[in-house]
$ cat run08.csv   # CSV, C-alpha atoms and all ligand atoms
chain,number,residue,atom,x,y,z
A,21,VAL,CA,110.7,181.9,33.2
A,22,GLN,CA,111.9,185.1,34.9
A,23,ASP,CA,109.5,186.7,37.4
A,24,LYS,CA,110.1,190.4,37.4
A,25,ARG,CA,108.9,190.9,41.0
A,26,ASN,CA,111.5,190.9,43.8
A,27,PRO,CA,111.8,187.5,45.3
A,28,LYS,CA,109.6,186.4,48.2
A,29,PHE,CA,111.5,185.5,51.4
A,30,GLY,CA,110.2,182.8,53.8
A,31,VAL,CA,111.3,181.1,57.0
A,32,TRP,CA,111.0,177.5,58.0
A,33,ALA,CA,109.2,176.9,61.2
A,34,PRO,CA,111.5,174.7,63.3
A,35,HIS,CA,110.6,171.0,63.2
A,36,TRP,CA,113.5,169.2,64.7
A,37,GLY,CA,114.6,171.3,67.6
A,38,LYS,CA,116.2,174.6,66.7
A,39,TRP,CA,118.1,173.1,63.7
A,40,VAL,CA,121.4,173.2,65.6
A,41,VAL,CA,121.3,171.4,68.9
A,42,ASP,CA,123.8,171.0,71.6
A,43,TYR,CA,123.0,167.3,72.3
A,44,ALA,CA,125.1,167.3,75.4
A,45,ARG,CA,122.8,169.8,77.0
A,46,GLU,CA,119.3,169.5,75.5
A,47,THR,CA,116.8,167.2,73.9
A,48,PRO,CA,115.7,168.7,70.6
A,49,ALA,CA,112.1,169.9,70.7
A,50,ALA,CA,109.9,172.0,68.3
A,51,PRO,CA,106.8,172.8,70.3
A,52,TYR,CA,104.0,175.0,69.0
A,53,GLN,CA,105.0,178.1,71.0
A,54,LEU,CA,108.4,178.1,69.3
A,55,ILE,CA,106.7,178.0,65.9
A,56,GLU,CA,104.5,180.9,66.8
A,57,ASP,CA,107.4,183.0,68.1
A,58,VAL,CA,109.4,182.4,64.9
A,59,ILE,CA,106.4,183.2,62.6
A,60,VAL,CA,105.3,186.3,64.5
A,61,SER,CA,108.9,187.7,64.5
A,62,ALA,CA,109.3,186.8,60.8
A,63,GLU,CA,106.1,188.8,59.9
A,64,ARG,CA,107.2,191.7,62.0
A,65,VAL,CA,110.6,192.1,60.3
A,66,GLY,CA,109.2,191.7,56.8
A,67,PHE,CA,109.3,188.1,55.6
A,68,ASP,CA,106.7,187.1,53.1
A,69,SER,CA,106.0,183.5,54.1
A,70,ALA,CA,106.5,180.8,56.7
A,71,LEU,CA,106.6,177.1,55.9
A,72,ILE,CA,105.4,174.5,58.5
A,73,ALA,CA,106.7,171.0,57.7
A,74,GLN,CA,104.5,168.0,58.3
A,75,HIS,CA,105.9,165.1,60.4
A,76,THR,CA,103.5,163.2,62.6
A,77,VAL,CA,106.5,161.7,64.4
A,78,ASN,CA,110.0,163.2,64.3
A,79,PRO,CA,112.0,161.4,61.7
A,80,LYS,CA,115.3,162.1,63.5
A,81,ASN,CA,114.0,160.5,66.7
A,82,PRO,CA,110.4,159.7,67.6
A,83,ALA,CA,111.0,160.7,71.2
A,84,TRP,CA,111.7,164.3,70.1
A,85,GLU,CA,108.7,166.6,70.5
A,86,ILE,CA,107.3,168.0,67.2
A,87,ALA,CA,104.2,170.2,66.7
A,88,GLU,CA,101.3,169.2,64.5
A,89,ALA,CA,101.5,171.2,61.2
A,90,TRP,CA,97.8,171.9,60.4
A,91,THR,CA,96.7,173.0,63.9
A,92,ALA,CA,99.9,175.1,64.1
A,93,ALA,CA,99.0,176.6,60.7
A,94,ALA,CA,95.5,177.5,61.9
A,95,ALA,CA,96.8,179.0,65.1
A,96,THR,CA,99.5,181.1,63.5
A,97,ALA,CA,97.1,182.3,60.8
A,98,ALA,CA,95.0,183.7,63.7
A,99,VAL,CA,97.8,185.6,65.3
A,100,THR,CA,99.3,187.1,62.1
A,101,LYS,CA,98.0,189.7,59.6
A,102,ARG,CA,100.2,189.7,56.5
A,103,ILE,CA,102.6,186.7,56.2
A,104,GLU,CA,101.7,183.7,54.0
A,105,ILE,CA,101.3,180.5,56.0
A,106,ILE,CA,102.2,177.4,54.2
A,107,ALA,CA,101.5,174.0,55.7
A,108,ALA,CA,103.0,170.8,54.3
A,109,ILE,CA,100.7,167.8,53.7
A,110,LYS,CA,101.3,164.1,53.0
A,111,PRO,CA,98.4,162.9,50.9
A,112,ARG,CA,97.9,159.5,52.6
A,113,LEU,CA,97.2,161.1,56.0
A,114,TYR,CA,93.8,162.7,55.0
A,115,HIS,CA,91.0,162.1,52.6
A,116,PRO,CA,91.2,164.9,50.0
A,117,VAL,CA,87.7,166.2,50.8
A,118,VAL,CA,88.6,166.6,54.5
A,119,LEU,CA,91.9,168.2,53.7
A,120,ALA,CA,90.4,170.6,51.2
A,121,LYS,CA,87.9,171.7,53.8
A,122,MET,CA,90.7,172.3,56.3
A,123,ALA,CA,92.7,174.3,53.8
A,124,LEU,CA,89.6,176.5,53.1
A,125,GLY,CA,89.1,176.8,56.8
A,126,ILE,CA,92.6,178.2,57.3
A,127,GLU,CA,92.2,180.4,54.1
A,128,GLU,CA,89.2,182.0,55.9
A,129,ILE,CA,91.0,182.3,59.3
A,130,SER,CA,94.0,183.9,57.5
A,131,GLN,CA,91.9,186.0,55.2
A,132,GLY,CA,93.5,184.8,52.0
A,133,ARG,CA,97.1,184.0,53.2
A,134,PHE,CA,97.1,180.2,53.2
A,135,ALA,CA,99.0,177.7,51.0
A,136,ILE,CA,99.6,174.0,51.0
A,137,ASN,CA,103.0,172.3,50.4
A,138,PHE,CA,102.4,168.9,48.8
A,139,VAL,CA,105.0,166.4,50.0
A,140,ASN,CA,104.8,162.8,49.1
A,141,ALA,CA,106.5,161.3,52.1
A,142,TRP,CA,109.8,159.5,52.5
A,143,PHE,CA,109.9,158.5,56.2
A,144,LYS,CA,108.6,154.9,56.2
A,145,PRO,CA,107.9,154.2,59.9
A,146,GLU,CA,105.4,157.1,60.2
A,147,LEU,CA,103.1,155.5,57.6
A,148,GLU,CA,103.9,151.9,58.0
A,149,ASP,CA,103.7,151.6,61.8
A,150,SER,CA,100.4,153.6,61.9
A,151,GLY,CA,98.9,151.0,59.5
A,152,ILE,CA,98.2,153.6,56.9
A,153,GLY,CA,100.7,151.9,54.6
A,154,PHE,CA,103.6,153.0,52.5
A,155,PRO,CA,103.3,151.7,48.9
A,156,PRO,CA,106.3,151.9,46.5
A,157,HIS,CA,107.6,155.4,45.5
A,158,ASP,CA,105.8,155.7,42.1
A,159,GLU,CA,102.6,154.2,43.3
A,160,ARG,CA,102.6,156.8,46.1
A,161,TYR,CA,103.0,159.5,43.5
A,162,ALA,CA,100.1,158.2,41.4
A,163,TYR,CA,97.9,158.3,44.5
A,164,GLY,CA,99.3,161.7,45.4
A,165,ALA,CA,98.6,163.2,41.9
A,166,GLU,CA,95.0,162.0,42.0
A,167,TRP,CA,94.6,163.2,45.6
A,168,LEU,CA,96.0,166.7,44.7
A,169,SER,CA,93.9,167.0,41.6
A,170,VAL,CA,90.7,166.5,43.7
A,171,VAL,CA,92.0,168.9,46.4
A,172,LYS,CA,92.8,171.6,43.8
A,173,ARG,CA,89.3,171.5,42.3
A,174,LEU,CA,87.6,171.5,45.7
A,175,ILE,CA,89.7,174.4,47.1
A,176,SER,CA,88.9,176.3,43.9
A,177,GLY,CA,85.2,176.1,44.8
A,178,GLU,CA,84.4,173.7,42.0
A,179,ARG,CA,81.5,171.2,42.2
A,180,VAL,CA,83.4,167.9,41.9
A,181,THR,CA,82.4,164.5,40.5
A,182,HIS,CA,85.4,162.2,40.3
A,183,ASN,CA,85.9,158.5,39.7
A,184,GLY,CA,89.5,157.5,39.8
A,185,ALA,CA,91.6,154.6,40.9
A,186,HIS,CA,91.6,155.8,44.5
A,187,PHE,CA,88.7,158.2,45.1
A,188,HIS,CA,85.0,158.3,44.2
A,189,ILE,CA,83.4,161.6,44.8
A,190,ASP,CA,79.9,162.5,43.8
A,191,ASP,CA,78.7,166.0,43.1
A,192,TYR,CA,80.7,167.6,46.0
A,193,ARG,CA,81.2,171.2,46.6
A,194,LEU,CA,82.7,173.0,49.6
A,195,SER,CA,81.4,176.3,50.9
A,196,PRO,CA,82.7,178.8,51.5
A,197,ALA,CA,85.5,178.7,49.0
A,198,SER,CA,88.1,181.4,49.3
A,199,LEU,CA,86.5,184.8,49.8
A,200,HIS,CA,89.8,186.5,48.9
A,201,ARG,CA,91.0,185.0,45.6
A,202,GLN,CA,90.5,182.0,43.3
A,203,ARG,CA,92.0,179.5,45.8
A,204,PRO,CA,94.9,178.9,48.3
A,205,LEU,CA,98.2,178.5,46.5
A,206,ILE,CA,99.9,175.1,46.0
A,207,TYR,CA,103.5,174.5,46.5
A,208,SER,CA,105.1,171.0,46.1
A,209,GLY,CA,108.5,169.5,46.9
A,210,GLY,CA,110.3,166.4,45.5
A,211,GLU,CA,112.8,165.8,42.8
A,212,SER,CA,111.8,162.4,41.2
A,213,GLU,CA,110.3,162.3,37.7
A,214,PRO,CA,106.8,161.8,39.0
A,215,ALA,CA,107.4,164.7,41.5
A,216,ARG,CA,108.4,167.0,38.6
A,217,GLU,CA,105.4,166.0,36.5
A,218,LEU,CA,103.1,166.5,39.5
A,219,ALA,CA,104.5,170.0,40.1
A,220,THR,CA,104.2,170.8,36.4
A,221,GLN,CA,100.5,169.8,36.2
A,222,LEU,CA,99.2,170.8,39.6
A,223,ALA,CA,101.4,173.2,41.6
A,224,ASP,CA,101.9,177.0,41.5
A,225,THR,CA,105.5,176.8,42.8
A,226,TRP,CA,108.0,173.9,42.8
A,227,LEU,CA,110.2,173.9,45.9
A,228,ILE,CA,113.8,172.6,45.4
A,229,ASN,CA,115.9,171.4,48.3
A,230,GLY,CA,119.0,173.5,49.0
A,231,GLN,CA,121.8,172.5,46.5
A,232,PRO,CA,124.4,174.3,44.4
A,233,LEU,CA,123.4,176.8,41.7
A,234,GLU,CA,124.3,174.6,38.7
A,235,GLU,CA,122.1,171.7,40.0
A,236,VAL,CA,119.2,174.1,40.5
A,237,ARG,CA,119.6,175.6,37.1
A,238,ALA,CA,119.5,172.1,35.4
A,239,LYS,CA,116.4,171.2,37.4
A,240,ILE,CA,114.6,174.4,36.5
A,241,ALA,CA,115.5,173.9,32.8
A,242,ASP,CA,114.0,170.4,32.9
A,243,VAL,CA,110.8,171.4,34.6
A,244,SER,CA,110.2,174.7,32.9
A,245,THR,CA,110.2,173.2,29.4
A,246,ARG,CA,107.3,170.9,30.2
A,247,THR,CA,103.8,171.7,28.9
A,248,ARG,CA,101.2,172.8,31.4
A,249,ASP,CA,98.0,174.8,31.6
A,250,GLY,CA,97.7,178.2,33.2
A,251,ASN,CA,100.3,180.5,34.6
A,252,PRO,CA,104.0,179.6,34.4
A,253,LEU,CA,105.3,177.4,37.3
A,254,GLN,CA,107.3,179.4,39.8
A,255,PHE,CA,110.4,178.0,41.6
A,256,GLY,CA,111.4,178.1,45.3
A,257,LEU,CA,114.6,177.1,47.0
A,258,ALA,CA,115.4,176.0,50.6
A,259,GLY,CA,118.6,177.0,52.4
A,260,PHE,CA,120.3,177.7,55.7
A,261,VAL,CA,121.9,181.2,56.1
A,262,VAL,CA,125.0,182.2,58.1
A,263,ALA,CA,125.5,185.9,57.3
A,264,ARG,CA,128.0,188.3,59.1
A,265,GLU,CA,129.8,191.6,58.3
A,266,THR,CA,132.7,189.7,56.9
A,267,ASP,CA,133.3,186.3,55.2
A,268,ALA,CA,135.7,185.3,58.0
A,269,GLU,CA,133.2,186.0,60.7
A,270,ALA,CA,130.5,183.9,58.9
A,271,GLU,CA,132.9,181.0,58.4
A,272,SER,CA,133.9,181.0,62.0
A,273,ALA,CA,130.2,181.2,63.1
A,274,LEU,CA,129.5,178.2,60.9
A,275,ALA,CA,132.5,176.3,62.3
A,276,GLU,CA,130.9,176.8,65.8
A,277,LEU,CA,127.6,175.4,64.6
A,278,VAL,CA,129.2,172.5,62.9
A,279,LYS,CA,130.7,171.5,66.2
A,280,LEU,CA,127.1,171.0,67.5
A,281,ALA,CA,125.7,169.4,64.3
A,282,PRO,CA,124.4,165.8,64.6
A,283,ASN,CA,127.1,163.3,65.2
A,284,PRO,CA,127.4,160.2,62.9
A,285,SER,CA,125.3,158.0,65.3
A,286,GLN,CA,122.4,160.4,65.2
A,287,ARG,CA,122.6,160.5,61.4
A,288,SER,CA,122.6,156.8,61.1
A,289,ALA,CA,119.4,156.6,63.3
A,290,MET,CA,117.5,157.4,60.1
A,291,SER,CA,119.2,154.9,57.9
A,292,GLY,CA,116.8,152.1,56.7
A,293,LYS,CA,113.8,154.4,57.5
A,294,ILE,CA,114.1,156.6,54.4
A,295,ASP,CA,112.4,155.4,51.2
A,296,PRO,CA,115.5,154.1,49.1
A,297,ASP,CA,113.8,155.5,46.0
A,298,ALA,CA,113.4,159.0,47.3
A,299,VAL,CA,115.4,161.1,44.9
A,300,MET,CA,115.8,164.1,47.1
A,301,HIS,CA,117.8,162.1,49.6
A,302,LYS,CA,120.2,160.9,46.9
A,303,THR,CA,120.8,164.5,45.8
A,304,SER,CA,121.3,165.7,49.4
A,305,ALA,CA,123.8,162.9,50.0
A,306,LYS,CA,126.1,164.5,47.3
A,307,TYR,CA,126.3,168.0,48.9
A,308,PRO,CA,127.2,169.1,52.4
A,309,TRP,CA,124.0,169.8,54.3
A,310,VAL,CA,125.7,170.2,57.7
A,311,VAL,CA,123.0,172.3,59.5
A,312,GLY,CA,119.5,173.7,59.1
A,313,ALA,CA,116.4,172.6,57.3
A,314,ASN,CA,116.4,170.9,53.9
A,315,GLY,CA,119.7,171.2,52.1
A,316,GLY,CA,121.3,173.3,54.8
A,317,ILE,CA,124.4,175.2,53.5
A,318,ALA,CA,124.5,173.5,50.1
A,319,PRO,CA,123.2,176.6,48.2
A,320,GLY,CA,126.1,178.7,49.7
A,321,PHE,CA,124.3,181.3,51.8
A,322,VAL,CA,127.3,181.6,54.0
A,323,GLY,CA,129.5,184.7,54.1
A,324,SER,CA,129.4,188.5,54.3
A,325,TYR,CA,126.2,190.3,53.8
A,326,GLU,CA,127.3,191.3,50.3
A,327,ARG,CA,128.2,187.7,49.4
A,328,VAL,CA,124.9,186.2,50.6
A,329,ALA,CA,122.9,189.0,48.9
A,330,ARG,CA,124.8,188.4,45.6
A,331,ARG,CA,124.2,184.6,45.9
A,332,ILE,CA,120.5,185.1,46.4
A,333,GLN,CA,120.5,187.4,43.4
A,334,GLU,CA,122.3,184.7,41.3
A,335,PHE,CA,119.6,182.2,42.2
A,336,TYR,CA,116.9,184.8,41.4
A,337,ASP,CA,118.5,185.3,38.0
A,338,ILE,CA,118.1,181.6,37.2
A,339,GLY,CA,114.4,181.7,38.1
A,340,ILE,CA,114.1,181.2,41.9
A,341,THR,CA,111.4,183.6,43.2
A,342,ALA,CA,110.8,182.1,46.6
A,343,PHE,CA,113.5,181.5,49.2
A,344,LEU,CA,112.5,179.3,52.2
A,345,LEU,CA,115.3,179.9,54.7
A,346,SER,CA,116.4,178.5,58.1
A,347,PHE,CA,118.6,180.2,60.7
A,348,TYR,CA,120.3,179.7,64.0
A,349,PRO,CA,119.7,181.1,66.5
A,350,LEU,CA,116.2,181.2,65.0
A,351,ILE,CA,114.9,184.6,65.7
A,352,GLU,CA,118.0,186.6,66.1
A,353,GLU,CA,119.4,185.4,62.8
A,354,GLN,CA,116.2,185.8,60.8
A,355,GLU,CA,115.9,189.3,62.0
A,356,ARG,CA,119.5,190.0,61.0
A,357,PHE,CA,118.7,188.6,57.5
A,358,ALA,CA,115.7,190.9,57.2
A,359,ARG,CA,117.7,193.9,58.2
A,360,GLU,CA,120.9,193.3,56.3
A,361,ILE,CA,120.2,191.0,53.4
A,362,ILE,CA,116.7,191.7,52.1
A,363,PRO,CA,117.4,195.4,51.3
A,364,ARG,CA,120.7,194.5,49.7
A,365,VAL,CA,119.0,192.0,47.4
A,366,ALA,CA,116.4,194.5,46.4
A,367,GLU,CA,119.2,197.0,45.6
A,368,LEU,CA,121.1,194.5,43.5
A,369,ILE,CA,118.1,193.5,41.5
A,370,ALA,CA,117.1,197.1,41.0
A,371,GLU,CA,120.6,198.0,39.8
A,372,ARG,CA,120.7,195.1,37.4
A,373,GLU,CA,117.3,195.9,36.0
A,374,GLU,CA,118.3,199.5,35.5
A,375,ALA,CA,121.3,198.3,33.6
A,376,LEU,CA,119.1,196.2,31.4
A,377,VAL,CA,116.8,199.1,30.4
B,1,LIG,C1,111.1,172.6,50.6
B,1,LIG,C2,110.8,171.2,50.8
B,1,LIG,C3,110.0,170.9,51.9
B,1,LIG,C4,109.6,169.6,52.3
B,1,LIG,N1,108.9,169.4,53.4
B,1,LIG,C5,108.6,168.1,53.7
B,1,LIG,C6,107.8,167.8,54.9
B,1,LIG,O1,107.3,168.7,55.5
B,1,LIG,N2,107.6,166.5,55.2
B,1,LIG,C7,108.1,165.5,54.5
B,1,LIG,O2,107.9,164.3,54.9
B,1,LIG,N3,108.8,165.7,53.4
B,1,LIG,C8,109.1,167.0,53.0
B,1,LIG,N4,109.8,167.2,51.8
B,1,LIG,C9,110.3,166.0,51.0
B,1,LIG,C10,109.6,165.8,49.7
B,1,LIG,O3,108.3,166.3,49.6
B,1,LIG,C11,109.6,164.4,49.1
B,1,LIG,O4,109.0,163.5,50.0
B,1,LIG,C12,111.0,163.9,48.9
B,1,LIG,O5,111.7,164.8,48.1
B,1,LIG,C13,111.1,162.6,48.3
B,1,LIG,O6,110.5,162.6,47.0
B,1,LIG,P1,111.3,162.5,45.7
B,1,LIG,O7,111.7,161.1,45.5
B,1,LIG,O8,110.3,162.9,44.6
B,1,LIG,O9,112.5,163.4,45.8
B,1,LIG,C14,110.1,168.5,51.4
B,1,LIG,C15,110.9,168.8,50.3
B,1,LIG,C16,111.2,170.1,50.0
B,1,LIG,C17,112.0,170.4,48.8
$ encode --input "run08.csv" --output "structure tokens" --more "lines below"
Ligand SMILES: Cc1cc2nc3c(=O)[nH]c(=O)nc-3n(C[C@H](O)[C@H](O)[C@H](O)COP(=O)(O)O)c2cc1C
Amino acid sequence: VQDKRNPKFGVWAPHWGKWVVDYARETPAAPYQLIEDVIVSAERVGFDSALIAQHTVNPKNPAWEIAEAWTAAAATAAVTKRIEIIAAIKPRLYHPVVLAKMALGIEEISQGRFAINFVNAWFKPELEDSGIGFPPHDERYAYGAEWLSVVKRLISGERVTHNGAHFHIDDYRLSPASLHRQRPLIYSGGESEPARELATQLADTWLINGQPLEEVRAKIADVSTRTRDGNPLQFGLAGFVVARETDAEAESALAELVKLAPNPSQRSAMSGKIDPDAVMHKTSAKYPWVVGANGGIAPGFVGSYERVARRIQEFYDIGITAFLLSFYPLIEEQERFAREIIPRVAELIAEREEALV
């Protein structure tokens, strides 16, 4: 389904260091202040949204500092005016009534700019070692779908009575609901069959990990033909951007970053800790991720300003309307993107739409 609006551009708040880390010189850290700096700068230069990932402990290394997603979302909502704040949530960490109340709280703080990103968890130690538990993949999704169905009704201001396999809720209603719109928006990520079905039934936007265009096209084709109620599902894509005046400059900037990318021993630190049934990780093993948040350079946002703008337009043409991007250095490069790429994409889309008239 084609959205006729220009795409929305978002940034990832950093969650493992600054994405690219010179391990010889620094210990990766993503403290709250860094998140605030990135989001305030993103808003100032014209990004539409900011995504805060949820990891209670850092999956790359538990000793690396990582900020708490929901308190960071509330705090950044209070220091911004326009940008959408999206906080990821793993359903097993909170009871749905408590989480819905928190979401409505940040909806109020942000005056109608809050969204949740439903993520069903893949990092085993976080949930196992806390005693919360990590059931098998599809059982976790059954729990997650029931959990999200309750959250969605509560954040819509409905009075909820629910008797399901996991939750029993009796005549519950949260007040205030959103004072600005029907409810906060719902994004979701995850590629498995139950993740696709959950997105179809319960989300507003399905987020896809960075990967090549043909893979993304096939996934959108699969999910957009499913039956659902309400507005058509929207699609979002993650990716890491290296944009310069020329392709050669971008390639050499990337080569410099790759020299600092995690070495094999740092990568293998996560082996055995990832749910072996997590489909997203099987996909990302097929494509070079290299640097950045989810999927890194796999979608191909590396090159001259023209090349990167054209690539974004190609993804837009197959149905991606939200881009969740990461950069290094964080602030300098997101500001370059806003200056050089966003106007070029708008021009390309306007030209193409004029040609269609
Ligand atoms: C854009 C995007 C953001 C994500 N953010 C998080 C996150 O903050 N925390 C997390 O544990 N997983 C995150 N995930 C991972 C997925 O939600 C999911 O756990 C993973 O894809 C495994 O599920 P699957 O088997 O359905 O693919 C994210 C995925 C995507 C595409």
$ closest_residue --input "run08.csv" --among "A:Leu124, A:Ala298, A:Val236, A:Ile317" --to "ligand LIG 1 (chain B)" --atoms "only C-alpha atoms and all ligand atoms"
A:Ala298
$ closest_residue --input "run08.csv" --among "A:Val171, A:Pro156, A:Val261, A:Lys101" --to "Met122 in chain A" --atoms "only C-alpha atoms"
A:Val171
$ atom_distance --input "run08.csv" --atom1 "CA of Pro155 in chain A" --atom2 "atom P1 of ligand LIG 1 (chain B)"
13.8 Å
$ residues_around --input "run08.csv" --residues "Arg330 in chain A" --least-positions-apart "2" --cutoff "10 Å" --atoms "all atoms listed in the file" --output "list in words"
Phe321, Ser324, Tyr325, Glu326, Arg327, Val328, Ile332, Gln333, Glu334, Phe335, Tyr336, Ile361, Arg364, Val365, Leu368 and Ile369 of chain A
$ closest_atom_pairs --input "run08.csv" --of "chain A" --to "ligand LIG 1 (chain B)" --cutoff "9 Å" --atoms "all atoms listed in the file" --output "tab-separated table"
residue	atom	partner	partner_atom	distance
A:Trp32	CA	B:LIG1	C1	8.9
A:His35	CA	B:LIG1	O1	8.7
A:Leu71	CA	B:LIG1	C3	8.1
A:Ile72	CA	B:LIG1	O1	6.8
A:Ala73	CA	B:LIG1	O1	3.2
A:Gln74	CA	B:LIG1	O1	4.0
A:His75	CA	B:LIG1	N2	5.6
A:Thr76	CA	B:LIG1	O2	8.9
A:Pro79	CA	B:LIG1	O2	8.5
A:Ala89	CA	B:LIG1	O1	8.5
A:Ala107	CA	B:LIG1	O1	7.9
A:Ala108	CA	B:LIG1	O1	4.9
A:Ile109	CA	B:LIG1	O1	6.9
A:Lys110	CA	B:LIG1	O2	6.9
A:Asn137	CA	B:LIG1	N1	7.2
A:Phe138	CA	B:LIG1	O3	6.5
A:Val139	CA	B:LIG1	O3	3.3
A:Asn140	CA	B:LIG1	O4	4.4
A:Ala141	CA	B:LIG1	O4	3.9
A:Trp142	CA	B:LIG1	O4	4.8
A:Phe143	CA	B:LIG1	O2	6.3
A:His157	CA	B:LIG1	O7	7.0
A:Asp158	CA	B:LIG1	O7	8.7
A:Tyr161	CA	B:LIG1	O8	8.1
A:Tyr207	CA	B:LIG1	C1	8.8
A:Ser208	CA	B:LIG1	O3	6.7
A:Gly209	CA	B:LIG1	C17	4.1
A:Gly210	CA	B:LIG1	O5	3.4
A:Glu211	CA	B:LIG1	O9	3.9
A:Ser212	CA	B:LIG1	O8	3.7
A:Glu213	CA	B:LIG1	O8	6.9
A:Pro214	CA	B:LIG1	O8	6.7
A:Ala215	CA	B:LIG1	O8	4.6
A:Arg216	CA	B:LIG1	O8	7.5
A:Trp226	CA	B:LIG1	C17	8.0
A:Leu227	CA	B:LIG1	C17	4.9
A:Ile228	CA	B:LIG1	C17	4.4
A:Asn229	CA	B:LIG1	C17	4.1
A:Gly230	CA	B:LIG1	C17	7.7
A:Gly256	CA	B:LIG1	C1	7.6
A:Leu257	CA	B:LIG1	C1	6.7
A:Ala258	CA	B:LIG1	C1	5.5
A:Gly259	CA	B:LIG1	C1	8.9
A:Asp295	CA	B:LIG1	C13	7.9
A:Pro296	CA	B:LIG1	O7	8.7
A:Asp297	CA	B:LIG1	O7	6.0
A:Ala298	CA	B:LIG1	O7	3.2
A:Val299	CA	B:LIG1	O7	3.7
A:Met300	CA	B:LIG1	O9	3.6
A:His301	CA	B:LIG1	O9	6.6
A:Lys302	CA	B:LIG1	O9	8.2
A:Thr303	CA	B:LIG1	O9	8.4
A:Ala313	CA	B:LIG1	C1	8.5
A:Asn314	CA	B:LIG1	C2	6.4
A:Gly315	CA	B:LIG1	C17	8.4
A:Leu344	CA	B:LIG1	C1	7.0
$ write_last_selection --input "run08.csv" --atoms "C-alpha atoms" --output "mmCIF file, in the frame of the given file"
data_model
loop_
_atom_site.group_PDB
_atom_site.id
_atom_site.type_symbol
_atom_site.label_atom_id
_atom_site.label_comp_id
_atom_site.auth_asym_id
_atom_site.auth_seq_id
_atom_site.Cartn_x
_atom_site.Cartn_y
_atom_site.Cartn_z
ATOM 1 C CA TRP A 32 111.000 177.500 58.000
ATOM 2 C CA HIS A 35 110.600 171.000 63.200
ATOM 3 C CA LEU A 71 106.600 177.100 55.900
ATOM 4 C CA ILE A 72 105.400 174.500 58.500
ATOM 5 C CA ALA A 73 106.700 171.000 57.700
ATOM 6 C CA GLN A 74 104.500 168.000 58.300
ATOM 7 C CA HIS A 75 105.900 165.100 60.400
ATOM 8 C CA THR A 76 103.500 163.200 62.600
ATOM 9 C CA PRO A 79 112.000 161.400 61.700
ATOM 10 C CA ALA A 89 101.500 171.200 61.200
ATOM 11 C CA ALA A 107 101.500 174.000 55.700
ATOM 12 C CA ALA A 108 103.000 170.800 54.300
ATOM 13 C CA ILE A 109 100.700 167.800 53.700
ATOM 14 C CA LYS A 110 101.300 164.100 53.000
ATOM 15 C CA ASN A 137 103.000 172.300 50.400
ATOM 16 C CA PHE A 138 102.400 168.900 48.800
ATOM 17 C CA VAL A 139 105.000 166.400 50.000
ATOM 18 C CA ASN A 140 104.800 162.800 49.100
ATOM 19 C CA ALA A 141 106.500 161.300 52.100
ATOM 20 C CA TRP A 142 109.800 159.500 52.500
ATOM 21 C CA PHE A 143 109.900 158.500 56.200
ATOM 22 C CA HIS A 157 107.600 155.400 45.500
ATOM 23 C CA ASP A 158 105.800 155.700 42.100
ATOM 24 C CA TYR A 161 103.000 159.500 43.500
ATOM 25 C CA TYR A 207 103.500 174.500 46.500
ATOM 26 C CA SER A 208 105.100 171.000 46.100
ATOM 27 C CA GLY A 209 108.500 169.500 46.900
ATOM 28 C CA GLY A 210 110.300 166.400 45.500
ATOM 29 C CA GLU A 211 112.800 165.800 42.800
ATOM 30 C CA SER A 212 111.800 162.400 41.200
ATOM 31 C CA GLU A 213 110.300 162.300 37.700
ATOM 32 C CA PRO A 214 106.800 161.800 39.000
ATOM 33 C CA ALA A 215 107.400 164.700 41.500
ATOM 34 C CA ARG A 216 108.400 167.000 38.600
ATOM 35 C CA TRP A 226 108.000 173.900 42.800
ATOM 36 C CA LEU A 227 110.200 173.900 45.900
ATOM 37 C CA ILE A 228 113.800 172.600 45.400
ATOM 38 C CA ASN A 229 115.900 171.400 48.300
ATOM 39 C CA GLY A 230 119.000 173.500 49.000
ATOM 40 C CA GLY A 256 111.400 178.100 45.300
ATOM 41 C CA LEU A 257 114.600 177.100 47.000
ATOM 42 C CA ALA A 258 115.400 176.000 50.600
ATOM 43 C CA GLY A 259 118.600 177.000 52.400
ATOM 44 C CA ASP A 295 112.400 155.400 51.200
ATOM 45 C CA PRO A 296 115.500 154.100 49.100
ATOM 46 C CA ASP A 297 113.800 155.500 46.000
ATOM 47 C CA ALA A 298 113.400 159.000 47.300
ATOM 48 C CA VAL A 299 115.400 161.100 44.900
ATOM 49 C CA MET A 300 115.800 164.100 47.100
ATOM 50 C CA HIS A 301 117.800 162.100 49.600
ATOM 51 C CA LYS A 302 120.200 160.900 46.900
ATOM 52 C CA THR A 303 120.800 164.500 45.800
ATOM 53 C CA ALA A 313 116.400 172.600 57.300
ATOM 54 C CA ASN A 314 116.400 170.900 53.900
ATOM 55 C CA GLY A 315 119.700 171.200 52.100
ATOM 56 C CA LEU A 344 112.500 179.300 52.200
#
$ atom_distance --input "run08.csv" --atom1 "CA of Arg331 in chain A" --atom2 "CA of Val278 in chain A"
21.5 Å
$ closest_residue --input "run08.csv" --among "A:Ala123, A:Ala268, A:Ala358, A:Ala162" --to "Phe29 in chain A" --atoms "all atoms listed in the file"
A:Ala358
$ atom_distance --input "run08.csv" --atom1 "CA of Ile175 in chain A" --atom2 "CA of Leu119 in chain A"
9.3 Å
$ residues_near_point --input "run08.csv" --point "(90.8, 179.1, 56.7)" --cutoff "10 Å" --atoms "only C-alpha atoms" --output "PyMOL selection string"
chain A and resi 93-94+97-98+121-134+196-199+204
$ residues_around --input "run08.csv" --residues "Phe347 in chain A" --least-positions-apart "4" --cutoff "12 Å" --atoms "only C-alpha atoms" --output "number ranges by chain"
A: 30-34, 37-40, 58, 62, 258-263, 273-274, 277, 311-314, 316-317, 321-322, 351-358
